[in-house]
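The file work_14.cif comes next; it holds mmCIF, C-alpha atoms and all ligand atoms.
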data_start
loop_
_atom_site.label_atom_id
_atom_site.label_comp_id
_atom_site.auth_asym_id
_atom_site.auth_seq_id
_atom_site.Cartn_x
_atom_site.Cartn_y
_atom_site.Cartn_z
CA MET A 1 111.61 47.87 95.88
CA GLY A 2 108.35 47.87 97.83
CA THR A 3 107.26 45.38 100.42
CA ILE A 4 107.09 41.88 99.03
CA ASP A 5 104.55 39.56 100.59
CA PRO A 6 106.01 36.40 102.08
CA VAL A 7 105.32 33.26 100.08
CA ILE A 8 104.60 31.30 103.22
CA GLU A 9 103.21 32.88 106.37
CA ILE A 10 102.43 30.69 109.35
CA ARG A 11 101.02 32.33 112.44
CA ASN A 12 100.76 30.63 115.81
CA ILE A 13 99.61 27.24 114.63
CA HIS A 14 98.73 24.40 116.97
CA LYS A 15 98.02 20.79 116.07
CA SER A 16 97.18 17.88 118.35
CA PHE A 17 96.53 14.23 117.58
CA GLY A 18 94.20 12.91 120.26
CA GLY A 19 95.69 14.45 123.39
CA PHE A 20 99.20 14.62 121.94
CA VAL A 21 100.49 18.09 121.04
CA ALA A 22 102.54 17.70 117.85
CA VAL A 23 102.74 21.43 117.05
CA ASP A 24 102.66 23.92 119.89
CA ASP A 25 102.49 27.54 118.71
CA PHE A 26 104.64 27.54 115.58
CA SER A 27 105.16 30.65 113.44
CA LEU A 28 107.30 31.16 110.33
CA ARG A 29 107.63 33.50 107.35
CA VAL A 30 109.36 32.39 104.18
CA GLU A 31 110.21 35.13 101.69
CA PRO A 32 110.16 34.77 97.88
CA GLY A 33 113.14 32.77 96.65
CA GLU A 34 114.18 31.77 100.13
CA ILE A 35 115.15 28.20 101.05
CA VAL A 36 114.29 27.26 104.61
CA ALA A 37 115.17 23.99 106.34
CA LEU A 38 113.29 22.62 109.33
CA LEU A 39 115.62 20.37 111.30
CA GLY A 40 114.94 18.14 114.22
CA ARG A 41 115.14 14.65 115.58
CA THR A 42 112.51 12.07 114.90
CA GLY A 43 109.15 13.10 116.35
CA ALA A 44 109.99 16.81 116.55
CA GLY A 45 106.98 17.62 114.38
CA LYS A 46 108.73 18.45 111.10
CA SER A 47 106.48 16.43 108.81
CA THR A 48 103.39 17.61 110.68
CA VAL A 49 104.36 21.25 110.03
CA LEU A 50 105.01 20.43 106.37
CA ASN A 51 101.68 18.61 106.06
CA LEU A 52 99.94 21.65 107.53
CA VAL A 53 101.69 23.98 105.07
CA MET A 54 100.85 21.66 102.15
CA GLY A 55 97.22 21.60 103.28
CA THR A 56 96.95 17.84 103.66
CA ILE A 57 95.83 18.48 107.24
CA GLY A 58 94.37 21.61 108.87
CA PRO A 59 95.58 23.36 112.05
CA ASP A 60 93.56 23.35 115.28
CA GLN A 61 94.43 27.02 115.80
CA GLY A 62 96.36 29.69 113.96
CA SER A 63 96.58 30.60 110.31
CA ILE A 64 98.62 29.53 107.30
CA ARG A 65 98.93 31.36 103.98
CA VAL A 66 100.78 29.97 101.00
CA ALA A 67 100.95 32.37 98.03
CA GLY A 68 98.08 34.18 99.74
CA PHE A 69 95.85 31.10 100.01
CA ASP A 70 94.78 28.92 102.91
CA PRO A 71 96.34 25.61 101.81
CA TYR A 72 93.75 23.47 103.62
CA ALA A 73 90.56 25.34 102.67
CA GLN A 74 91.77 26.46 99.22
CA PHE A 75 93.70 23.35 98.20
CA ARG A 76 92.68 23.67 94.54
CA GLU A 77 93.97 27.22 94.16
CA LEU A 78 97.48 25.98 94.83
CA LYS A 79 97.42 23.30 92.14
CA GLY A 80 100.41 23.85 89.86
CA ARG A 81 101.94 26.47 92.18
CA ILE A 82 103.43 23.99 94.60
CA ALA A 83 105.28 20.73 94.12
CA VAL A 84 106.39 18.11 96.58
CA SER A 85 109.04 15.43 96.72
CA PHE A 86 109.38 12.91 99.52
CA GLN A 87 111.91 10.58 101.07
CA THR A 88 110.24 7.62 99.45
CA ASP A 89 110.27 8.73 95.85
CA ARG A 90 106.68 7.62 95.09
CA LEU A 91 107.43 6.80 91.47
CA LEU A 92 105.12 4.53 89.50
CA PRO A 93 106.96 1.25 88.75
CA TRP A 94 105.17 0.57 85.46
CA ARG A 95 106.30 3.89 84.02
CA THR A 96 109.78 4.79 82.78
CA ALA A 97 111.83 7.68 84.19
CA VAL A 98 110.51 10.16 81.65
CA GLU A 99 106.94 8.86 82.01
CA ASN A 100 107.22 9.48 85.74
CA ALA A 101 108.82 12.89 85.26
CA GLU A 102 106.03 14.08 82.94
CA LEU A 103 103.22 12.87 85.20
CA GLY A 104 102.59 16.16 86.99
CA LEU A 105 102.42 18.00 83.66
CA LEU A 106 99.91 15.52 82.22
CA ILE A 107 97.78 15.85 85.36
CA LEU A 108 97.78 19.63 84.84
CA GLY A 109 96.55 19.10 81.26
CA VAL A 110 99.73 19.99 79.40
CA PRO A 111 99.63 18.43 75.88
CA LYS A 112 101.52 15.14 75.65
CA ALA A 113 104.27 16.27 73.29
CA GLU A 114 105.02 19.40 75.31
CA ALA A 115 104.96 17.43 78.56
CA ARG A 116 107.50 15.01 77.10
CA THR A 117 109.82 17.80 75.95
CA ARG A 118 109.69 19.56 79.31
CA ALA A 119 110.16 16.32 81.27
CA LEU A 120 113.22 15.40 79.17
CA ALA A 121 114.72 18.84 79.74
CA TRP A 122 114.29 18.45 83.50
CA LEU A 123 115.78 14.97 83.53
CA GLU A 124 118.80 16.47 81.82
CA ARG A 125 118.88 19.34 84.34
CA VAL A 126 119.01 16.86 87.27
CA ASN A 127 121.79 14.95 85.47
CA LEU A 128 119.74 11.97 84.34
CA LYS A 129 120.30 12.32 80.61
CA GLY A 130 120.31 8.87 79.04
CA ALA A 131 118.23 7.26 81.78
CA GLN A 132 114.87 8.46 80.47
CA ASP A 133 113.69 5.05 79.22
CA LYS A 134 114.69 3.06 82.28
CA TYR A 135 112.00 1.61 84.52
CA VAL A 136 112.02 2.40 88.23
CA HIS A 137 113.60 -0.96 89.20
CA GLU A 138 116.49 -0.21 86.83
CA LEU A 139 117.32 3.04 88.65
CA SER A 140 119.47 3.46 91.77
CA GLY A 141 118.05 5.20 94.84
CA GLY A 142 119.83 8.42 93.91
CA MET A 143 118.51 8.27 90.35
CA ARG A 144 114.98 7.74 91.66
CA GLN A 145 115.29 10.80 93.87
CA ARG A 146 116.43 12.75 90.83
CA VAL A 147 113.40 11.57 88.82
CA SER A 148 111.20 12.58 91.74
CA LEU A 149 112.79 16.04 91.82
CA ALA A 150 112.48 16.38 88.03
CA ARG A 151 108.79 15.49 88.29
CA ALA A 152 108.32 18.11 91.02
CA LEU A 153 110.25 20.83 89.18
CA ALA A 154 108.78 20.10 85.73
CA VAL A 155 105.46 21.74 86.58
CA ASP A 156 107.46 24.94 87.19
CA PRO A 157 106.10 25.45 90.70
CA ALA A 158 106.87 28.67 92.54
CA ILE A 159 107.13 26.69 95.76
CA VAL A 160 108.82 23.37 96.43
CA PHE A 161 108.28 21.25 99.53
CA LEU A 162 110.68 18.43 100.33
CA ASP A 163 110.42 15.89 103.13
CA GLU A 164 113.68 14.01 103.76
CA SER A 165 114.38 13.93 100.02
CA PHE A 166 118.08 13.29 100.48
CA SER A 167 118.04 11.16 103.63
CA GLN A 168 117.91 7.72 102.10
CA LEU A 169 120.93 8.23 99.92
CA ASP A 170 124.54 7.41 100.71
CA HIS A 171 126.83 10.24 101.72
CA ALA A 172 128.40 11.01 98.32
CA THR A 173 125.18 10.65 96.33
CA ALA A 174 123.27 12.84 98.78
CA GLY A 175 126.00 15.48 98.69
CA LYS A 176 125.93 15.71 94.90
CA LEU A 177 122.15 15.87 94.77
CA ARG A 178 122.07 18.54 97.50
CA ARG A 179 124.44 20.76 95.54
CA ASP A 180 122.49 20.20 92.32
CA PHE A 181 119.22 20.99 94.03
CA HIS A 182 120.62 24.13 95.67
CA CYS A 183 121.87 25.42 92.30
CA ILE A 184 118.60 24.66 90.52
CA ALA A 185 116.47 26.25 93.24
CA LYS A 186 118.60 29.40 93.19
CA GLU A 187 118.84 29.57 89.39
CA PHE A 188 115.07 29.36 89.02
CA GLY A 189 114.25 31.44 92.10
CA LYS A 190 112.20 28.72 93.76
CA THR A 191 110.90 29.24 97.25
CA CYS A 192 111.56 26.08 99.19
CA LEU A 193 110.61 24.68 102.57
CA PHE A 194 112.12 21.33 103.38
CA VAL A 195 112.42 19.10 106.40
CA THR A 196 115.33 16.90 107.31
CA HIS A 197 117.08 15.33 110.26
CA ARG A 198 120.46 15.66 108.52
CA ILE A 199 122.41 18.77 109.45
CA GLU A 200 124.38 18.70 106.19
CA ASP A 201 121.19 18.90 104.15
CA ALA A 202 120.39 22.18 105.85
CA ILE A 203 123.88 23.68 105.67
CA GLU A 204 124.38 22.81 101.99
CA ILE A 205 120.93 23.74 100.73
CA ALA A 206 119.22 26.29 102.97
CA ASP A 207 119.47 30.04 103.44
CA ARG A 208 118.05 29.57 106.92
CA ALA A 209 118.01 26.50 109.16
CA ILE A 210 115.47 26.24 111.95
CA VAL A 211 115.88 23.62 114.65
CA LEU A 212 112.74 22.16 116.16
CA ASN A 213 112.38 20.29 119.42
CA PRO A 214 109.27 18.17 120.13
CA GLY A 215 106.08 20.18 119.73
CA ALA A 216 107.76 21.88 116.73
CA ARG A 217 109.23 24.38 119.21
CA ILE A 218 111.87 26.55 117.57
CA VAL A 219 115.08 26.38 119.60
CA LEU A 220 117.59 27.77 117.11
CA THR A 221 117.65 29.74 113.86
CA GLU A 222 120.83 29.88 111.78
CA GLU A 223 121.36 32.11 108.75
CA ILE A 224 123.46 30.20 106.24
CA THR A 225 125.24 32.56 103.88
CA PRO A 226 127.43 31.65 100.89
CA ASP A 227 130.40 32.97 102.93
CA LEU A 228 129.64 30.56 105.75
CA ARG A 229 129.24 27.66 103.33
CA ALA A 230 132.64 28.42 101.82
CA ASP A 231 134.48 28.42 105.15
CA PRO A 232 135.04 24.96 106.71
CA ALA A 233 135.61 26.43 110.20
CA LEU A 234 132.33 28.35 110.07
CA VAL A 235 130.55 25.28 108.73
CA ARG A 236 131.89 23.17 111.61
CA ALA A 237 130.82 25.75 114.18
CA CYS A 238 127.35 26.04 112.64
CA HIS A 239 127.09 22.24 112.50
CA ALA A 240 128.01 22.02 116.19
CA ARG A 241 125.43 24.65 117.22
CA ILE A 242 122.71 22.83 115.30
CA ALA A 243 123.73 19.42 116.69
CA GLU A 244 123.56 20.81 120.21
CA ALA A 245 120.15 22.37 119.62
CA MET A 246 118.90 19.07 118.21
CA GLY A 247 119.65 17.36 121.47
CA GLY A 248 123.34 17.35 122.16
CA GLU A 249 125.74 14.43 122.39
CA GLY A 250 126.49 12.59 119.12
CA GLU A 251 125.43 13.31 115.61
CA ALA A 252 121.86 12.95 114.53
CA ASP A 253 123.01 12.48 110.98
CA ASP A 254 126.21 12.20 108.99
CA GLU A 255 128.45 9.60 107.47
CA GLU A 256 127.12 6.54 109.20
CA SER A 257 123.49 6.86 108.29
CA LEU A 258 123.03 4.92 105.09
CA ALA A 259 119.78 3.51 106.37
CA PRO A 260 116.66 5.60 106.93
CA VAL A 261 115.93 6.18 110.61
CA THR A 262 112.17 6.13 110.15
CA ALA A 263 109.75 5.93 107.31
CA GLY A 264 109.31 9.69 107.73
N1 LIG B 301 98.36 11.34 112.28
C1 LIG B 301 98.94 11.27 113.48
N2 LIG B 301 98.30 10.69 114.51
C2 LIG B 301 98.87 10.63 115.73
N3 LIG B 301 100.10 11.12 116.03
C3 LIG B 301 100.77 11.70 115.04
C4 LIG B 301 100.25 11.80 113.70
N4 LIG B 301 101.16 12.44 112.94
C5 LIG B 301 102.20 12.70 113.74
N5 LIG B 301 101.98 12.27 115.00
C6 LIG B 301 102.90 12.43 116.14
O1 LIG B 301 103.35 13.77 116.16
C7 LIG B 301 104.74 13.82 116.47
C8 LIG B 301 105.47 14.52 115.35
O2 LIG B 301 105.47 13.67 114.20
P1 LIG B 301 106.16 14.09 112.83
O3 LIG B 301 105.88 13.03 111.86
O4 LIG B 301 105.74 15.47 112.47
O5 LIG B 301 107.69 14.10 113.26
P2 LIG B 301 108.99 14.31 112.38
O6 LIG B 301 109.74 15.40 113.02
O7 LIG B 301 108.63 14.44 110.96
O8 LIG B 301 109.77 12.95 112.63
P3 LIG B 301 110.64 12.02 111.60
O9 LIG B 301 112.02 12.61 111.61
O10 LIG B 301 110.61 10.69 112.26
O11 LIG B 301 110.00 12.03 110.27
C9 LIG B 301 105.19 12.38 116.68
O12 LIG B 301 105.22 12.11 118.05
C10 LIG B 301 104.13 11.57 115.98
O13 LIG B 301 103.96 10.31 116.61
MG MG B 302 109.00 13.28 109.21
#

Rendering of file as structure tokens:
Amino acid sequence: MGTIDPVIEIRNIHKSFGGFVAVDDFSLRVEPGEIVALLGRTGAGKSTVLNLVMGTIGPDQGSIRVAGFDPYAQFRELKGRIAVSFQTDRLLPWRTAVENAELGLLILGVPKAEARTRALAWLERVNLKGAQDKYVHELSGGMRQRVSLARALAVDPAIVFLDESFSQLDHATAGKLRRDFHCIAKEFGKTCLFVTHRIEDAIEIADRAIVLNPGARIVLTEEITPDLRADPALVRACHARIAEAMGGEGEADDEESLAPVTAG
């Protein structure tokens, strides 16, 4: 096998808002098929890094390449190659589950019948079979997140970006969705960059967890192998290292947090 170009390559980016430095010299490479989690407490700069990688904002300095393109200057080139899902599911209330799930496909110009078939298949894949005709208000928070993920995955993107996609869910629901997402991402070879403040999200989903302190400064990188994930003692040790890097004392996440900490 020859050298494979990274899917995401971020070199020495800086971003300030007014005089406030939100991202201070951040670099990252994400390889094809890799799942990387950016962890950190509120205000660490996670969403800002993700927004820079998605091209919704541009860096003050440094360079970003996603699938070889500058996501800010060449936004259009990435249409259909990337998909995003957020903490707030951003579903349209006047559309049913399947009508929401097929939205990305319709926007890309996929014929209606094909879009419907593909959306239904993805709803089934995220375990929402039978809920396709429900309106958003008839779905639980976990079901909405699943519709949002189905909508993101239905366009068959090479790259998936998630921002706190599991954070608003209760412990059990989040755990199930994390495992489902991990399996789907691996089965389909998706490259994924996601941000979270929940340590379990990173340990259960990611191949690599990167802890950011304010200014998006990298303070810890943890490789998360299937062997580690299968060993409770290793998981606990990894969890403890991440918690300490995130700012010590108590947990930044875990059982108690049914409510969102911020609007993300
Ligand atoms: N558009 C903006 N204008 C001004 N300040 C901003 C803007 N976006 C982010 N910031 C600031 O940059 C810092 C990083 O914000 P960011 O949203 O990236 O944090 P985060 O790690 O995603 O936090 P959270 O866990 O709360 O979502 C914060 O101090 C925030 O107030
Ligand atoms: Mg955020």

Quick one: residues within 9 Å of Gly68 in chain A, only C-alpha atoms, excluding same-chain residues fewer than 6 positions away - as a list in words?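 These residues fall inside the cut-off: Asp5, Pro6, Val7, Ile8 and Glu9 of chain A.
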
So the first atom is CA of Val136 in chain A and the second is CA of Ala119 in chain A; what is the distance between them in Å, to one decimal place?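 Result for CA of Val136 in chain A versus CA of Ala119 in chain A: 15.7 Å, one decimal.
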
If the box runs along x, y and z of the file and leaves 5 Å on each side of ligand LIG 301 (chain B), what are its centre and edge lengths in Å, one decimal, as AutoDock Vina command-line options?
--center_x 105.2 --center_y 12.9 --center_z 114.2 --size_x 23.7 --size_y 15.2 --size_z 17.8

Using all atoms listed in the file, determine which residues fall within 7 Å of ligand LIG 301 (chain B), then list them as a ChimeraX atom specification. /A:17-18,20,22,40-49,196-197,262-264

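Using all atoms listed in the file, the shortest contact distance between ligand MG 302 (chain B) and any of A:Leu39, A:Ile64, A:Ala113, A:Ile184 is found at A:Leu39.
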
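Our summary of the geometry notes that CA of Met143 in chain A is positioned 20.0 Å from CA of Leu105 in chain A.
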
Rounded to one decimal, what separation in Å do you get between CA of Ala216 in chain A and CA of Lys15 in chain A? 9.8 Å

Given the choices A:Arg236, A:Leu169, A:Leu162, A:Gly130, which gets closest to ligand MG 302 (chain B) if the distance is worked out from only C-alpha atoms and all ligand atoms?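 Of the candidates, the smallest distance to ligand MG 302 (chain B) is held by A:Leu162.
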
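Shortest atom-to-atom contact with Phe188 in chain A among A:Ile218, A:Leu153, A:Ala206, A:Ala115: A:Leu153, counting all atoms listed in the file.
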
Within 10 Å of Asp163 in chain A, counting only C-alpha atoms, which residues show up once you throw out same-chain ones fewer than 3 positions away? Write them as number ranges by chain, please. A: 37-38, 46-47, 50-51, 84-88, 166-167, 193-197, 264

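Distance cut-off 10 Å, centre (116.3, 30.2, 114.8), atoms counted only C-alpha atoms; the residues meeting this are Leu38, Arg208, Ala209, Ile210, Val211, Leu212, Ile218, Val219, Leu220, Thr221, Glu222, Glu223, Ile242 and Ala245 of chain A.
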
What lies within 7 Å of Asp133 in chain A using only C-alpha atoms, ignoring chain neighbours under 4 positions off, as number ranges by chain? A: 96-98

Nearest residue to Leu28 in chain A out of A:Pro232, A:Ser140, A:Val53, A:Ser16, using all atoms listed in the file?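 Under the stated criterion, the closest residue is A:Val53.
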
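When all atoms listed in the file are used to compute distances to Val160 in chain A, the closest of the residues A:Asp60, A:Glu34, A:Glu138, A:Glu187 turns out to be A:Glu34.
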
Which residue gives the smallest distance to ligand MG 302 (chain B) among A:Arg229, A:His137, A:Arg116, A:Arg198, with all atoms listed in the file counted?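 Result for the nearest residue to ligand MG 302 (chain B): A:Arg198.
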
Neighbour list for Asn100 in chain A as a list in words, cut-off 8 Å, only C-alpha atoms, skip fewer than 2 positions in-chain: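 Using only C-alpha atoms, the neighbours found are Leu91, Leu92, Arg95, Thr96, Ala97, Val98, Glu102, Leu103, Val147, Ser148 and Arg151 of chain A.
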